[in-house]
>>> print(open('protein_22.txt').read())   # compact mmCIF, C-alpha atoms
# COMPACT_ATOMS: atom_id res chain seq x y z
CA MET A 11 -38.58 22.91 -17.65
CA ASP A 12 -38.34 20.21 -15.02
CA ALA A 13 -38.13 22.19 -11.77
CA ILE A 14 -37.76 19.04 -9.68
CA ASN A 15 -34.72 17.96 -11.68
CA GLU A 16 -33.15 21.40 -11.32
CA CYS A 17 -33.74 21.26 -7.56
CA MET A 18 -32.17 17.80 -7.43
CA GLN A 19 -29.13 19.17 -9.27
CA MET A 20 -28.87 22.06 -6.81
CA THR A 21 -29.17 19.73 -3.84
CA SER A 22 -26.83 17.00 -5.00
CA TYR A 23 -24.08 19.25 -6.36
CA GLY A 24 -24.42 21.62 -3.40
CA GLY A 25 -24.03 18.68 -1.03
CA GLU A 26 -21.03 17.43 -2.97
CA ALA A 27 -19.38 20.85 -2.84
CA LYS A 28 -20.02 21.09 0.90
CA SER A 29 -18.57 17.63 1.57
CA LEU A 30 -15.49 18.32 -0.53
CA ALA A 31 -14.87 21.65 1.19
CA LEU A 32 -15.18 20.06 4.62
CA ALA A 33 -12.80 17.29 3.54
CA ALA A 34 -10.38 19.97 2.32
CA ILE A 35 -10.37 21.58 5.77
CA GLN A 36 -9.50 18.23 7.35
CA GLN A 37 -6.80 17.60 4.77
CA ALA A 38 -5.23 21.01 5.38
CA ARG A 39 -5.41 20.49 9.14
CA GLY A 40 -3.46 17.26 8.62
CA GLY A 41 -0.78 19.09 6.62
CA ALA A 42 -1.91 17.98 3.16
CA VAL A 43 -2.49 21.47 1.76
CA ASP A 44 -1.92 20.36 -1.85
CA LYS A 45 -4.56 17.65 -1.44
CA ALA A 46 -6.87 20.21 0.16
CA ASN A 47 -6.46 22.48 -2.85
CA GLU A 48 -7.35 19.58 -5.14
CA SER A 49 -10.50 18.94 -3.12
CA MET A 50 -11.37 22.63 -3.30
CA ALA A 51 -11.01 22.60 -7.09
CA LYS A 52 -13.52 19.74 -7.23
CA ALA A 53 -15.77 21.58 -4.78
CA LYS A 54 -15.65 24.66 -7.02
CA GLU A 55 -16.79 22.56 -10.00
CA ALA A 56 -19.68 21.08 -8.02
CA LEU A 57 -20.65 24.52 -6.74
CA ALA A 58 -20.70 25.85 -10.31
CA LYS A 59 -23.05 23.02 -11.35
CA SER A 60 -25.35 23.79 -8.43
CA HIS A 61 -25.31 27.47 -9.40
CA HIS A 62 -26.12 26.55 -12.98
CA ALA A 63 -29.27 24.71 -11.91
CA HIS A 64 -30.23 27.66 -9.71
CA THR A 65 -29.73 30.04 -12.62
CA ASN A 66 -31.93 27.83 -14.80
CA LEU A 67 -34.75 28.14 -12.27
CA LEU A 68 -34.30 31.90 -11.94
CA SER A 69 -34.19 32.42 -15.71
CA TYR A 70 -37.27 30.29 -16.25
CA ASP A 71 -39.19 32.18 -13.60
CA ALA A 72 -38.10 35.55 -14.99
CA GLU A 73 -39.30 34.59 -18.47
CA ASN A 74 -42.51 32.76 -17.56
CA GLU A 75 -43.51 34.09 -14.14
CA ASP A 76 -45.32 30.83 -13.37
CA LEU A 77 -42.84 28.91 -11.25
CA LYS A 78 -44.49 27.70 -8.08
CA VAL A 79 -42.14 27.87 -5.09
CA THR A 80 -42.12 24.62 -3.13
CA ILE A 81 -40.47 23.48 0.07
CA PHE A 82 -38.19 21.39 -2.13
CA MET A 83 -36.94 24.55 -3.85
CA VAL A 84 -36.30 26.16 -0.49
CA HIS A 85 -34.41 23.04 0.59
CA ALA A 86 -32.32 23.11 -2.60
CA ALA A 87 -31.52 26.79 -2.17
CA ASP A 88 -30.47 26.10 1.41
CA HIS A 89 -28.02 23.43 0.21
CA LEU A 90 -26.52 25.87 -2.27
CA SER A 91 -26.26 28.66 0.30
CA SER A 92 -24.62 26.47 2.93
CA ALA A 93 -22.21 25.04 0.35
CA GLU A 94 -21.16 28.56 -0.64
CA THR A 95 -20.58 29.53 2.97
CA ILE A 96 -18.57 26.42 3.80
CA TYR A 97 -16.55 26.80 0.60
CA LEU A 98 -15.55 30.35 1.53
CA LEU A 99 -14.67 29.35 5.08
CA ALA A 100 -12.66 26.39 3.79
CA GLU A 101 -10.57 28.75 1.67
CA GLU A 102 -9.70 30.71 4.80
CA PHE A 103 -8.91 27.61 6.87
CA ILE A 104 -6.66 26.23 4.14
CA TYR A 105 -4.86 29.55 3.94
CA LEU A 106 -4.33 29.58 7.70
CA TYR A 107 -3.19 25.96 7.88
CA GLY A 108 -0.85 26.52 4.94
CA ARG A 109 0.95 29.44 6.61
CA ASP A 110 2.96 27.18 8.92
>>> encode(input="protein_22.txt", output="structure tokens")
Amino acid sequence: MDAINECMQMTSYGGEAKSLALAAIQQARGGAVDKANESMAKAKEALAKSHHAHTNLLSYDAENEDLKVTIFMVHAADHLSSAETIYLLAEEFIYLYGRD
């Protein structure tokens, strides 16, 4: 298993999900709720890919118990966690902006 590659996947897809969710908030604020929902669908796909890489690392460690935790892994996990949080908040903002 290439742990660095999995971390890169977590980081890049997590960052993509975060950016798309933030863009969705701006789109909803501007009245483009349908466009915001499209951005959120893309964000959900990116978040799933980031989760997949995270699951690969967790599964490998559970099976082999030899995965060395690095600052890069912590950084990647942080990207995933912040993307999840922003995604959930974006859902709420879009709901609120769409109520008008």
>>> closest_residue(input="protein_22.txt", among="A:Val43, A:Met50, A:Ala27, A:Leu68", to="Met11 in chain A", atoms="only C-alpha atoms")
A:Leu68
>>> residues_around(input="protein_22.txt", residues="Tyr23 in chain A", least_positions_apart="3", cutoff="10 Å", atoms="all atoms listed in the file", output="ChimeraX atom specification")
/A:17-20,26-29,53,55-61,63,86,89-90,93
>>> atom_distance(input="protein_22.txt", atom1="CA of Glu16 in chain A", atom2="CA of Ala87 in chain A")
10.7 Å
>>> closest_residue(input="protein_22.txt", among="A:Ile81, A:Ser49, A:Ser22, A:Leu67", to="Ile35 in chain A", atoms="only C-alpha atoms")
A:Ser49
>>> residues_around(input="protein_22.txt", residues="Arg39 in chain A", least_positions_apart="3", cutoff="12 Å", atoms="only C-alpha atoms", output="ChimeraX atom specification")
/A:32-36,42-46,100,102-110
>>> atom_distance(input="protein_22.txt", atom1="CA of Gly25 in chain A", atom2="CA of His85 in chain A")
11.4 Å
